[in-house]
>>> print(open('start14.cif').read())   # mmCIF, C-alpha atoms
data_target
loop_
_atom_site.label_atom_id
_atom_site.label_comp_id
_atom_site.auth_asym_id
_atom_site.auth_seq_id
_atom_site.Cartn_x
_atom_site.Cartn_y
_atom_site.Cartn_z
CA ASP A 1 -128.89 74.76 101.39
CA LEU A 2 -132.37 73.34 101.97
CA ARG A 3 -132.03 73.76 105.73
CA ILE A 4 -132.42 76.97 107.69
CA HIS A 5 -129.02 78.19 108.90
CA ALA A 6 -128.22 77.96 112.61
CA THR A 7 -127.46 81.70 112.76
CA ARG A 8 -130.89 82.66 111.46
CA PRO A 9 -133.84 82.75 113.88
CA VAL A 10 -136.51 80.17 113.21
CA PRO A 11 -139.47 82.09 111.70
CA GLU A 12 -142.58 82.41 113.81
CA ILE A 13 -145.55 80.85 112.01
CA ASP A 14 -149.09 80.95 113.38
CA THR A 15 -150.46 77.43 113.25
CA ILE A 16 -153.70 75.68 114.18
CA LEU A 17 -152.13 72.44 115.43
CA ASP A 18 -149.61 72.33 118.26
CA TRP A 19 -146.10 71.85 116.83
CA SER A 20 -144.22 72.68 120.03
CA SER A 21 -142.85 69.16 120.51
CA GLU A 22 -141.22 69.47 117.06
CA GLN A 23 -140.02 73.04 117.84
CA GLY A 24 -142.33 74.45 115.20
CA LEU A 25 -143.65 73.54 111.76
CA LEU A 26 -140.37 74.30 110.00
CA ARG A 27 -138.40 72.02 112.32
CA ALA A 28 -141.04 69.33 111.73
CA ALA A 29 -140.25 69.51 108.01
CA GLU A 30 -136.53 69.51 108.72
CA ARG A 31 -136.80 66.16 110.47
CA CYS A 32 -136.44 64.62 107.01
CA ASN A 33 -132.80 63.54 106.74
CA GLY A 34 -132.98 62.68 103.04
CA ALA A 35 -132.52 58.92 103.47
CA GLY A 36 -135.16 58.25 100.82
CA ALA A 37 -136.82 55.36 102.67
CA CYS A 38 -140.09 56.76 101.30
CA ARG A 39 -139.05 55.85 97.74
CA LYS A 40 -140.35 52.30 97.96
CA SER A 41 -141.73 50.07 95.27
CA PRO A 42 -145.17 48.48 95.79
CA GLY A 43 -145.23 45.61 98.24
CA ARG A 44 -142.26 46.82 100.29
CA GLY A 45 -144.19 48.79 102.89
CA THR A 46 -146.87 51.44 103.29
CA MET A 47 -144.85 54.58 102.61
CA CYS A 48 -145.43 56.29 100.25
CA PRO A 49 -148.46 55.22 98.14
CA SER A 50 -148.45 58.31 95.91
CA TYR A 51 -144.75 57.83 95.12
CA MET A 52 -145.37 54.15 94.33
CA ALA A 53 -148.08 55.22 91.87
CA THR A 54 -146.23 58.07 90.16
CA GLY A 55 -142.52 57.40 90.72
CA GLU A 56 -142.05 61.16 91.06
CA GLU A 57 -139.91 62.70 93.82
CA LEU A 58 -142.48 65.47 94.25
CA HIS A 59 -144.97 62.90 95.53
CA SER A 60 -142.62 61.23 98.00
CA THR A 61 -142.39 62.07 101.69
CA ARG A 62 -138.89 63.45 101.10
CA GLY A 63 -139.99 65.60 98.17
CA ARG A 64 -142.85 67.10 100.13
CA ALA A 65 -140.71 67.71 103.22
CA ASN A 66 -138.06 69.42 101.07
CA LEU A 67 -140.67 71.66 99.46
CA PHE A 68 -142.15 72.50 102.87
CA ARG A 69 -138.84 73.60 104.33
CA HIS A 70 -137.77 75.41 101.14
CA LEU A 71 -140.93 77.54 101.17
CA LEU A 72 -141.00 77.98 104.96
CA SER A 73 -137.38 79.21 104.86
CA ALA A 74 -138.25 81.99 102.41
CA GLU A 75 -138.54 85.66 103.31
CA ASP A 76 -142.29 85.33 103.89
CA PRO A 77 -142.82 81.86 105.37
CA SER A 78 -146.54 82.48 105.93
CA ALA A 79 -146.97 82.63 102.14
CA ALA A 80 -145.92 78.98 101.97
CA LEU A 81 -149.14 77.98 103.68
CA SER A 82 -151.22 79.36 100.82
CA SER A 83 -148.88 78.17 98.06
CA ASP A 84 -150.42 76.48 95.01
CA GLU A 85 -147.08 74.75 94.41
CA LEU A 86 -147.27 73.05 97.80
CA HIS A 87 -150.94 72.27 97.24
CA GLU A 88 -150.01 70.39 94.07
CA ALA A 89 -147.34 68.41 95.90
CA LEU A 90 -149.78 67.40 98.65
CA GLU A 91 -152.81 66.73 96.44
CA LEU A 92 -152.07 63.01 96.02
CA CYS A 93 -151.17 62.44 99.68
CA LEU A 94 -153.64 59.90 101.09
CA SER A 95 -153.02 60.97 104.72
CA CYS A 96 -152.35 57.31 105.48
CA LYS A 97 -149.62 58.21 108.02
CA GLY A 98 -147.33 55.55 106.62
CA CYS A 99 -144.58 58.17 106.78
CA ALA A 100 -145.14 58.78 110.49
CA SER A 101 -144.54 55.10 111.25
CA GLU A 102 -142.07 54.00 108.56
CA CYS A 103 -139.90 57.08 108.00
CA PRO A 104 -136.66 56.79 110.07
CA SER A 105 -137.30 60.34 111.30
CA SER A 106 -141.09 59.94 111.66
CA VAL A 107 -141.86 62.82 109.33
CA ASP A 108 -145.66 63.18 109.53
CA ILE A 109 -146.67 64.63 106.17
CA ALA A 110 -150.34 63.82 106.79
CA ARG A 111 -150.39 66.14 109.80
CA MET A 112 -148.45 68.82 107.92
CA LYS A 113 -150.90 68.52 105.05
CA ALA A 114 -153.87 69.08 107.36
CA GLU A 115 -152.21 72.22 108.76
CA PHE A 116 -151.43 73.46 105.26
CA LEU A 117 -154.93 72.85 103.92
CA GLN A 118 -156.60 74.93 106.63
CA HIS A 119 -154.37 77.90 105.76
CA HIS A 120 -154.91 77.32 102.04
CA HIS A 121 -158.68 77.32 102.60
CA ASP A 122 -158.38 80.54 104.59
CA ALA A 123 -156.54 82.19 101.69
CA HIS A 124 -158.45 80.76 98.73
CA GLY A 125 -161.76 79.50 100.13
CA THR A 126 -162.83 75.95 100.90
CA PRO A 127 -163.64 73.91 97.76
CA LEU A 128 -167.09 72.32 97.75
CA PRO A 129 -165.76 68.72 97.63
CA SER A 130 -163.54 69.37 100.66
CA TYR A 131 -166.41 70.96 102.59
CA VAL A 132 -168.93 68.19 101.84
CA LEU A 133 -166.57 65.24 102.35
CA GLY A 134 -164.96 66.90 105.35
CA GLN A 135 -168.37 67.37 106.95
CA PHE A 136 -169.36 63.75 106.33
CA GLY A 137 -170.91 63.31 109.78
CA LYS A 138 -173.27 66.27 109.38
CA PHE A 139 -174.44 65.29 105.91
CA ALA A 140 -174.78 61.63 106.94
CA ALA A 141 -177.02 62.72 109.83
CA LEU A 142 -179.35 64.32 107.27
CA ALA A 143 -179.15 61.29 104.98
CA ARG A 144 -180.47 59.00 107.72
CA PHE A 145 -184.01 60.25 107.05
CA THR A 146 -183.96 58.91 103.46
CA PRO A 147 -180.91 56.62 103.33
CA GLY A 148 -181.91 54.84 100.12
CA LEU A 149 -182.43 58.08 98.21
CA ALA A 150 -179.23 59.61 99.64
CA SER A 151 -177.21 56.53 98.64
CA ALA A 152 -178.65 56.59 95.12
CA VAL A 153 -178.00 60.32 94.64
CA SER A 154 -174.42 60.11 95.98
CA ASN A 155 -173.66 57.42 93.38
CA THR A 156 -174.91 59.38 90.38
CA GLY A 157 -172.41 60.60 87.81
CA LEU A 158 -173.26 64.23 88.55
CA ALA A 159 -172.68 63.88 92.30
CA LYS A 160 -169.35 62.15 91.73
CA LYS A 161 -168.30 64.85 89.29
CA VAL A 162 -169.21 67.64 91.71
CA LEU A 163 -167.41 65.94 94.61
CA HIS A 164 -164.39 64.92 92.51
CA VAL A 165 -165.01 61.21 93.11
CA ASP A 166 -163.69 58.84 90.45
CA PRO A 167 -166.69 57.56 88.43
CA ARG A 168 -165.44 53.97 88.91
CA ARG A 169 -165.69 54.33 92.68
CA LYS A 170 -168.87 53.18 94.41
CA VAL A 171 -169.72 55.54 97.25
CA PRO A 172 -170.52 53.51 100.41
CA ALA A 173 -174.26 53.34 101.01
CA PHE A 174 -175.95 54.78 104.07
CA ALA A 175 -177.45 52.12 106.33
CA ASP A 176 -181.22 51.72 106.51
CA GLN A 177 -180.97 51.98 110.31
CA THR A 178 -178.33 53.87 112.28
CA PHE A 179 -176.44 52.12 115.03
CA SER A 180 -177.92 54.41 117.69
CA ALA A 181 -181.47 53.57 116.57
CA TRP A 182 -180.68 49.87 116.86
CA PHE A 183 -178.93 50.32 120.23
CA ARG A 184 -181.91 52.10 121.80
CA ARG A 185 -184.25 49.25 120.87
CA HIS A 186 -182.02 46.19 121.20
CA GLU A 187 -182.57 43.54 123.84
CA VAL A 188 -179.70 43.66 126.33
CA HIS A 189 -177.93 40.34 126.83
CA PRO A 190 -178.59 38.76 130.24
CA ASN A 191 -174.82 38.59 130.90
CA ALA A 192 -174.45 42.37 130.61
CA GLY A 193 -173.08 43.91 133.80
CA GLU A 194 -171.48 40.78 135.27
CA ARG A 195 -168.00 42.16 134.57
CA GLY A 196 -168.83 45.84 134.95
CA GLU A 197 -169.47 48.69 132.55
CA ALA A 198 -167.78 49.98 129.43
CA VAL A 199 -168.34 52.74 126.89
CA LEU A 200 -168.58 52.27 123.13
CA PHE A 201 -167.29 55.22 121.13
CA VAL A 202 -169.61 55.29 118.14
CA ASP A 203 -167.82 57.08 115.31
CA GLU A 204 -169.67 58.55 112.35
CA PHE A 205 -168.83 55.60 110.07
CA THR A 206 -170.14 53.00 112.50
CA GLU A 207 -173.20 55.16 113.08
CA TYR A 208 -174.26 55.81 109.49
CA THR A 209 -172.60 53.37 107.06
CA ASP A 210 -171.35 50.33 109.00
CA PRO A 211 -173.68 49.81 111.96
CA ALA A 212 -173.23 46.03 111.60
CA VAL A 213 -169.75 46.44 113.07
CA GLY A 214 -171.15 48.25 116.12
CA ILE A 215 -173.95 45.72 116.49
CA ALA A 216 -171.50 42.81 116.44
CA ALA A 217 -169.27 44.55 118.98
CA THR A 218 -172.24 45.26 121.27
CA GLU A 219 -173.50 41.68 121.13
CA PHE A 220 -170.01 40.33 121.83
CA LEU A 221 -169.23 42.71 124.70
CA GLU A 222 -172.60 42.20 126.38
CA ALA A 223 -172.27 38.43 126.08
CA ALA A 224 -168.81 38.78 127.63
CA GLY A 225 -170.38 40.48 130.64
CA TYR A 226 -170.14 44.23 130.01
CA ARG A 227 -173.02 46.67 130.27
CA LEU A 228 -172.47 49.26 127.56
CA ALA A 229 -173.10 52.96 127.24
CA ALA A 230 -172.99 54.25 123.66
CA PRO A 231 -173.25 58.06 123.49
CA SER A 232 -174.70 59.15 120.15
CA GLY A 233 -173.99 62.17 117.99
CA LEU A 234 -170.21 62.12 118.40
CA ASP A 235 -167.76 62.74 115.57
CA SER A 236 -164.18 61.53 115.36
CA ALA A 237 -163.13 64.58 113.27
CA ARG A 238 -161.24 62.22 110.96
CA THR A 239 -162.78 63.60 107.77
CA GLN A 240 -162.38 67.22 108.89
CA ILE A 241 -158.68 66.66 109.56
CA SER A 242 -158.08 64.92 106.23
CA LYS A 243 -159.71 67.83 104.37
CA GLY A 244 -158.00 70.55 106.41
CA LEU A 245 -161.07 71.74 108.31
CA LEU A 246 -159.09 71.97 111.53
CA ARG A 247 -161.25 74.48 113.37
CA LYS A 248 -164.31 72.29 112.80
CA ALA A 249 -162.23 69.27 113.83
CA ARG A 250 -161.31 70.97 117.11
CA ALA A 251 -164.97 71.66 117.85
CA ALA A 252 -165.81 67.99 117.17
CA PHE A 253 -162.99 66.82 119.44
CA GLU A 254 -164.06 69.16 122.23
CA ARG A 255 -167.64 67.89 122.09
CA ALA A 256 -166.51 64.25 122.11
CA ILE A 257 -164.12 64.85 125.01
CA THR A 258 -166.81 66.66 126.99
CA VAL A 259 -169.13 63.66 126.62
CA LEU A 260 -166.49 60.97 127.19
CA HIS A 261 -164.49 62.61 129.98
CA PRO A 262 -166.90 61.70 132.83
CA HIS A 263 -166.71 58.05 131.77
CA ALA A 264 -162.92 58.16 131.63
CA SER A 265 -162.78 59.89 135.03
CA ALA A 266 -164.86 57.05 136.44
CA GLY A 267 -162.25 54.58 135.17
CA LEU A 268 -164.49 52.98 132.55
CA PRO A 269 -162.83 51.55 129.45
CA ILE A 270 -163.75 53.39 126.25
CA ILE A 271 -163.76 51.11 123.21
CA GLY A 272 -163.50 52.34 119.63
CA LEU A 273 -164.10 50.30 116.49
CA GLU A 274 -162.73 52.32 113.56
CA PRO A 275 -158.90 52.66 113.88
CA SER A 276 -158.58 55.91 111.94
CA ALA A 277 -161.35 57.44 114.04
CA ILE A 278 -159.92 56.60 117.46
CA LEU A 279 -156.27 57.29 116.58
CA GLY A 280 -157.11 60.95 116.03
CA PHE A 281 -157.52 61.38 119.78
CA ARG A 282 -153.95 60.19 120.29
CA ASP A 283 -152.19 61.62 117.25
CA GLU A 284 -153.86 64.93 116.47
#
>>> encode(input="start14.cif", output="C-alpha cells")
Amino acid sequence: DLRIHATRPVPEIDTILDWSSEQGLLRAAERCNGAGACRKSPGRGTMCPSYMATGEELHSTRGRANLFRHLLSAEDPSAALSSDELHEALELCLSCKGCASECPSSVDIARMKAEFLQHHHDAHGTPLPSYVLGQFGKFAALARFTPGLASAVSNTGLAKKVLHVDPRRKVPAFADQTFSAWFRRHEVHPNAGERGEAVLFVDEFTEYTDPAVGIAATEFLEAAGYRLAAPSGLDSARTQISKGLLRKARAAFERAITVLHPHASAGLPIIGLEPSAILGFRDE
C-alpha cells in the first residue's frame, strides 16, 4: 500500500534536479525495496549514520524513502515538498551518500533531500543558518580580508547559536593567505612543463581554509613535471547542494564549467583535491 498502483498515472512533479533516469522523483523513492540494509549498527558500514545514532526507523534510509513515497502518492504530491513532517525526517541526514553506495537499490536520500529543501525554502523561506552555511564560498571570500577576526567571530557562542552550530564544535579557521594568493607568487619548480600541462580545480575549501593541501599538491605536481593552471574564484556548489540552494548551485556549476571547459576540450587533465567538491560534477 506504500507504492503507487500500476493503474494510476505517475504524478507530474516540477523538480529542480533531473530525475529522468529514475523516471521521476516518486520512482526514485520507490527504488527502496524495504530490505533494511540501512538499519546498521556502528562499525558495520557507512549507511545510515543518523539511524545508528537514534535507532529510529524515521531516520533510516528506508524510513525516509517510505515517507517520501507516501506523501508523493497523496492527492497533492507537490505539497509533500513543503511538508514539515518530511523536513523533520530529513533534518538529521548528513548527506553523506552512504545510501547511494551501500543500499542494494542505490536509493540516494542525500539527492532527494537537496531537492526537497529547495522546495521547502520556496514555501517557507530560507533559514539564516542554511543561507550562510550554504553560501560558504561567498562569505569566505569576504573573510579573506580579515581572516583572524572572521575566525574569532565565527567561533563565538553567539555566532554558533545563530548558525545552529553545536557549541562544542570548533569552526574551521580561515587561512591567513588564500591558495590563489600563494599560487600567484610562488616560485615555479624547474621541472614544471616537462610532462605537459594540467589544471588544478581549486575548490572553496582549499582556497580559504585548507590552502596547505593545494600548496602540497602544486609542489608535488610541478616537481613531477606538470605546469599547472589554477583558475581562481570557482565554487564546487557542495555547500549549496547540502543546504538545498539548488538554483545557486546551478549557477556555481555553470560558472565552473564555463571556465574549465576550454581546458577539458584541449585534453588537459583536471585535478581536484576535495572529494566531496569534485564528486558533485559527476553525481549532481
>>> closest_residue(input="start14.cif", among="A:Ala159, A:Ala29, A:Val171, A:Ala80", to="Ser105 in chain A", atoms="only C-alpha atoms")
A:Ala29
>>> closest_residue(input="start14.cif", among="A:His87, A:Lys243, A:His263, A:Arg44", to="His59 in chain A", atoms="only C-alpha atoms")
A:His87
>>> residues_around(input="start14.cif", residues="Val199 in chain A", least_positions_apart="2", cutoff="7 Å", atoms="all atoms listed in the file", output="ChimeraX atom specification")
/A:201,228-230,268-271
>>> resolve_selection(input="start14.cif", expression="the PyMOL selection byres ((chain A and resi 219) around 12)", output="PyMOL selection string")
chain A and resi 182-183+186-192+200+212-218+220-228
>>> write_last_selection(input="start14.cif", atoms="C-alpha atoms", output="PDB file, in the coordinates of the input")
ATOM      1  CA  TRP A 182    -180.680  49.870 116.860  1.00  0.00           C
ATOM      2  CA  PHE A 183    -178.930  50.320 120.230  1.00  0.00           C
ATOM      3  CA  HIS A 186    -182.020  46.190 121.200  1.00  0.00           C
ATOM      4  CA  GLU A 187    -182.570  43.540 123.840  1.00  0.00           C
ATOM      5  CA  VAL A 188    -179.700  43.660 126.330  1.00  0.00           C
ATOM      6  CA  HIS A 189    -177.930  40.340 126.830  1.00  0.00           C
ATOM      7  CA  PRO A 190    -178.590  38.760 130.240  1.00  0.00           C
ATOM      8  CA  ASN A 191    -174.820  38.590 130.900  1.00  0.00           C
ATOM      9  CA  ALA A 192    -174.450  42.370 130.610  1.00  0.00           C
ATOM     10  CA  LEU A 200    -168.580  52.270 123.130  1.00  0.00           C
ATOM     11  CA  ALA A 212    -173.230  46.030 111.600  1.00  0.00           C
ATOM     12  CA  VAL A 213    -169.750  46.440 113.070  1.00  0.00           C
ATOM     13  CA  GLY A 214    -171.150  48.250 116.120  1.00  0.00           C
ATOM     14  CA  ILE A 215    -173.950  45.720 116.490  1.00  0.00           C
ATOM     15  CA  ALA A 216    -171.500  42.810 116.440  1.00  0.00           C
ATOM     16  CA  ALA A 217    -169.270  44.550 118.980  1.00  0.00           C
ATOM     17  CA  THR A 218    -172.240  45.260 121.270  1.00  0.00           C
ATOM     18  CA  PHE A 220    -170.010  40.330 121.830  1.00  0.00           C
ATOM     19  CA  LEU A 221    -169.230  42.710 124.700  1.00  0.00           C
ATOM     20  CA  GLU A 222    -172.600  42.200 126.380  1.00  0.00           C
ATOM     21  CA  ALA A 223    -172.270  38.430 126.080  1.00  0.00           C
ATOM     22  CA  ALA A 224    -168.810  38.780 127.630  1.00  0.00           C
ATOM     23  CA  GLY A 225    -170.380  40.480 130.640  1.00  0.00           C
ATOM     24  CA  TYR A 226    -170.140  44.230 130.010  1.00  0.00           C
ATOM     25  CA  ARG A 227    -173.020  46.670 130.270  1.00  0.00           C
ATOM     26  CA  LEU A 228    -172.470  49.260 127.560  1.00  0.00           C
TER      27      LEU A 228
END
>>> closest_residue(input="start14.cif", among="A:Val202, A:Gly244, A:Ala252, A:Glu197", to="Leu90 in chain A", atoms="only C-alpha atoms")
A:Gly244
>>> atom_distance(input="start14.cif", atom1="CA of His261 in chain A", atom2="CA of Asp203 in chain A")
16.0 Å
>>> resolve_selection(input="start14.cif", expression="the PyMOL selection byres ((chain A and resi 176) around 12)", output="PDB file with C-alpha atoms, in the frame of the given file")
ATOM      1  CA  ALA A 140    -174.780  61.630 106.940  1.00  0.00           C
ATOM      2  CA  ALA A 143    -179.150  61.290 104.980  1.00  0.00           C
ATOM      3  CA  ARG A 144    -180.470  59.000 107.720  1.00  0.00           C
ATOM      4  CA  PHE A 145    -184.010  60.250 107.050  1.00  0.00           C
ATOM      5  CA  THR A 146    -183.960  58.910 103.460  1.00  0.00           C
ATOM      6  CA  PRO A 147    -180.910  56.620 103.330  1.00  0.00           C
ATOM      7  CA  GLY A 148    -181.910  54.840 100.120  1.00  0.00           C
ATOM      8  CA  LEU A 149    -182.430  58.080  98.210  1.00  0.00           C
ATOM      9  CA  ALA A 150    -179.230  59.610  99.640  1.00  0.00           C
ATOM     10  CA  SER A 151    -177.210  56.530  98.640  1.00  0.00           C
ATOM     11  CA  ALA A 173    -174.260  53.340 101.010  1.00  0.00           C
ATOM     12  CA  PHE A 174    -175.950  54.780 104.070  1.00  0.00           C
ATOM     13  CA  ALA A 175    -177.450  52.120 106.330  1.00  0.00           C
ATOM     14  CA  GLN A 177    -180.970  51.980 110.310  1.00  0.00           C
ATOM     15  CA  THR A 178    -178.330  53.870 112.280  1.00  0.00           C
ATOM     16  CA  PHE A 179    -176.440  52.120 115.030  1.00  0.00           C
ATOM     17  CA  SER A 180    -177.920  54.410 117.690  1.00  0.00           C
ATOM     18  CA  ALA A 181    -181.470  53.570 116.570  1.00  0.00           C
ATOM     19  CA  TRP A 182    -180.680  49.870 116.860  1.00  0.00           C
ATOM     20  CA  GLU A 207    -173.200  55.160 113.080  1.00  0.00           C
ATOM     21  CA  TYR A 208    -174.260  55.810 109.490  1.00  0.00           C
ATOM     22  CA  THR A 209    -172.600  53.370 107.060  1.00  0.00           C
ATOM     23  CA  ASP A 210    -171.350  50.330 109.000  1.00  0.00           C
ATOM     24  CA  PRO A 211    -173.680  49.810 111.960  1.00  0.00           C
ATOM     25  CA  ALA A 212    -173.230  46.030 111.600  1.00  0.00           C
TER      26      ALA A 212
END
>>> residues_around(input="start14.cif", residues="range 94-99 of chain A", least_positions_apart="5", cutoff="6 Å", atoms="all atoms listed in the file", output="VMD selection string")
chain A and resid 46 to 47 107 to 108 110
>>> atom_distance(input="start14.cif", atom1="CA of Lys138 in chain A", atom2="CA of Glu204 in chain A")
9.0 Å
>>> resolve_selection(input="start14.cif", expression="the PyMOL selection byres ((chain A and resi 257) around 12)", output="short mmCIF file (atom, residue, chain, number, x, y, z; two decimals) with C-alpha atoms, in the frame of the given file")
data_model
loop_
_atom_site.label_atom_id
_atom_site.label_comp_id
_atom_site.auth_asym_id
_atom_site.auth_seq_id
_atom_site.Cartn_x
_atom_site.Cartn_y
_atom_site.Cartn_z
CA PHE A 201 -167.29 55.22 121.13
CA PRO A 231 -173.25 58.06 123.49
CA LEU A 234 -170.21 62.12 118.40
CA ASP A 235 -167.76 62.74 115.57
CA SER A 236 -164.18 61.53 115.36
CA ALA A 237 -163.13 64.58 113.27
CA ARG A 250 -161.31 70.97 117.11
CA ALA A 251 -164.97 71.66 117.85
CA ALA A 252 -165.81 67.99 117.17
CA PHE A 253 -162.99 66.82 119.44
CA GLU A 254 -164.06 69.16 122.23
CA ARG A 255 -167.64 67.89 122.09
CA ALA A 256 -166.51 64.25 122.11
CA THR A 258 -166.81 66.66 126.99
CA VAL A 259 -169.13 63.66 126.62
CA LEU A 260 -166.49 60.97 127.19
CA HIS A 261 -164.49 62.61 129.98
CA PRO A 262 -166.90 61.70 132.83
CA HIS A 263 -166.71 58.05 131.77
CA ALA A 264 -162.92 58.16 131.63
CA SER A 265 -162.78 59.89 135.03
CA ILE A 270 -163.75 53.39 126.25
CA ILE A 278 -159.92 56.60 117.46
CA PHE A 281 -157.52 61.38 119.78
#
>>> closest_residue(input="start14.cif", among="A:Glu75, A:Arg69, A:Gly134, A:Thr15", to="Lys248 in chain A", atoms="all atoms listed in the file")
A:Gly134
>>> build_atoms(input="start14.cif", residues="range 188-204 of chain A", atoms="N, CA, C and O atoms", output="PDB file, in the frame of the given file")
ATOM      1  N   VAL A 188    -180.993  43.797 125.657  1.00  0.00           N
ATOM      2  CA  VAL A 188    -179.700  43.660 126.330  1.00  0.00           C
ATOM      3  C   VAL A 188    -179.475  42.208 126.732  1.00  0.00           C
ATOM      4  O   VAL A 188    -180.383  41.549 127.257  1.00  0.00           O
ATOM      5  N   HIS A 189    -178.272  41.730 126.498  1.00  0.00           N
ATOM      6  CA  HIS A 189    -177.930  40.340 126.830  1.00  0.00           C
ATOM      7  C   HIS A 189    -177.985  40.138 128.346  1.00  0.00           C
ATOM      8  O   HIS A 189    -177.579  41.011 129.116  1.00  0.00           O
ATOM      9  N   PRO A 190    -178.492  38.995 128.790  1.00  0.00           N
ATOM     10  CA  PRO A 190    -178.590  38.760 130.240  1.00  0.00           C
ATOM     11  C   PRO A 190    -177.252  38.771 130.968  1.00  0.00           C
ATOM     12  O   PRO A 190    -177.219  38.997 132.183  1.00  0.00           O
ATOM     13  N   ASN A 191    -176.141  38.558 130.259  1.00  0.00           N
ATOM     14  CA  ASN A 191    -174.820  38.590 130.900  1.00  0.00           C
ATOM     15  C   ASN A 191    -174.325  40.006 131.178  1.00  0.00           C
ATOM     16  O   ASN A 191    -173.375  40.205 131.948  1.00  0.00           O
ATOM     17  N   ALA A 192    -174.944  40.994 130.517  1.00  0.00           N
ATOM     18  CA  ALA A 192    -174.450  42.370 130.610  1.00  0.00           C
ATOM     19  C   ALA A 192    -174.406  42.839 132.057  1.00  0.00           C
ATOM     20  O   ALA A 192    -175.385  42.725 132.792  1.00  0.00           O
ATOM     21  N   GLY A 193    -173.255  43.371 132.462  1.00  0.00           N
ATOM     22  CA  GLY A 193    -173.080  43.910 133.800  1.00  0.00           C
ATOM     23  C   GLY A 193    -172.328  42.989 134.739  1.00  0.00           C
ATOM     24  O   GLY A 193    -171.887  43.422 135.812  1.00  0.00           O
ATOM     25  N   GLU A 194    -172.170  41.717 134.377  1.00  0.00           N
ATOM     26  CA  GLU A 194    -171.480  40.780 135.270  1.00  0.00           C
ATOM     27  C   GLU A 194    -170.019  41.166 135.480  1.00  0.00           C
ATOM     28  O   GLU A 194    -169.454  40.925 136.539  1.00  0.00           O
ATOM     29  N   ARG A 195    -169.412  41.755 134.457  1.00  0.00           N
ATOM     30  CA  ARG A 195    -168.000  42.160 134.570  1.00  0.00           C
ATOM     31  C   ARG A 195    -167.830  43.672 134.720  1.00  0.00           C
ATOM     32  O   ARG A 195    -166.718  44.174 134.725  1.00  0.00           O
ATOM     33  N   GLY A 196    -168.922  44.389 134.801  1.00  0.00           N
ATOM     34  CA  GLY A 196    -168.830  45.840 134.950  1.00  0.00           C
ATOM     35  C   GLY A 196    -169.366  46.576 133.743  1.00  0.00           C
ATOM     36  O   GLY A 196    -170.125  46.017 132.938  1.00  0.00           O
ATOM     37  N   GLU A 197    -168.951  47.827 133.612  1.00  0.00           N
ATOM     38  CA  GLU A 197    -169.470  48.690 132.550  1.00  0.00           C
ATOM     39  C   GLU A 197    -168.337  49.121 131.621  1.00  0.00           C
ATOM     40  O   GLU A 197    -167.167  49.137 131.997  1.00  0.00           O
ATOM     41  N   ALA A 198    -168.720  49.469 130.419  1.00  0.00           N
ATOM     42  CA  ALA A 198    -167.780  49.980 129.430  1.00  0.00           C
ATOM     43  C   ALA A 198    -168.517  50.966 128.537  1.00  0.00           C
ATOM     44  O   ALA A 198    -169.761  51.039 128.549  1.00  0.00           O
ATOM     45  N   VAL A 199    -167.764  51.733 127.776  1.00  0.00           N
ATOM     46  CA  VAL A 199    -168.340  52.740 126.890  1.00  0.00           C
ATOM     47  C   VAL A 199    -167.917  52.438 125.463  1.00  0.00           C
ATOM     48  O   VAL A 199    -166.739  52.171 125.201  1.00  0.00           O
ATOM     49  N   LEU A 200    -168.860  52.471 124.545  1.00  0.00           N
ATOM     50  CA  LEU A 200    -168.580  52.270 123.130  1.00  0.00           C
ATOM     51  C   LEU A 200    -168.537  53.636 122.459  1.00  0.00           C
ATOM     52  O   LEU A 200    -169.518  54.381 122.491  1.00  0.00           O
ATOM     53  N   PHE A 201    -167.380  53.973 121.893  1.00  0.00           N
ATOM     54  CA  PHE A 201    -167.290  55.220 121.130  1.00  0.00           C
ATOM     55  C   PHE A 201    -167.814  54.948 119.727  1.00  0.00           C
ATOM     56  O   PHE A 201    -167.213  54.225 118.943  1.00  0.00           O
ATOM     57  N   VAL A 202    -168.954  55.529 119.419  1.00  0.00           N
ATOM     58  CA  VAL A 202    -169.610  55.290 118.140  1.00  0.00           C
ATOM     59  C   VAL A 202    -169.209  56.398 117.170  1.00  0.00           C
ATOM     60  O   VAL A 202    -169.720  57.513 117.239  1.00  0.00           O
ATOM     61  N   ASP A 203    -168.273  56.082 116.287  1.00  0.00           N
ATOM     62  CA  ASP A 203    -167.820  57.080 115.310  1.00  0.00           C
ATOM     63  C   ASP A 203    -168.869  57.231 114.208  1.00  0.00           C
ATOM     64  O   ASP A 203    -169.829  56.458 114.108  1.00  0.00           O
ATOM     65  N   GLU A 204    -168.674  58.236 113.372  1.00  0.00           N
ATOM     66  CA  GLU A 204    -169.670  58.550 112.350  1.00  0.00           C
ATOM     67  C   GLU A 204    -169.799  57.463 111.282  1.00  0.00           C
ATOM     68  O   GLU A 204    -170.856  57.309 110.663  1.00  0.00           O
TER      69      GLU A 204
END
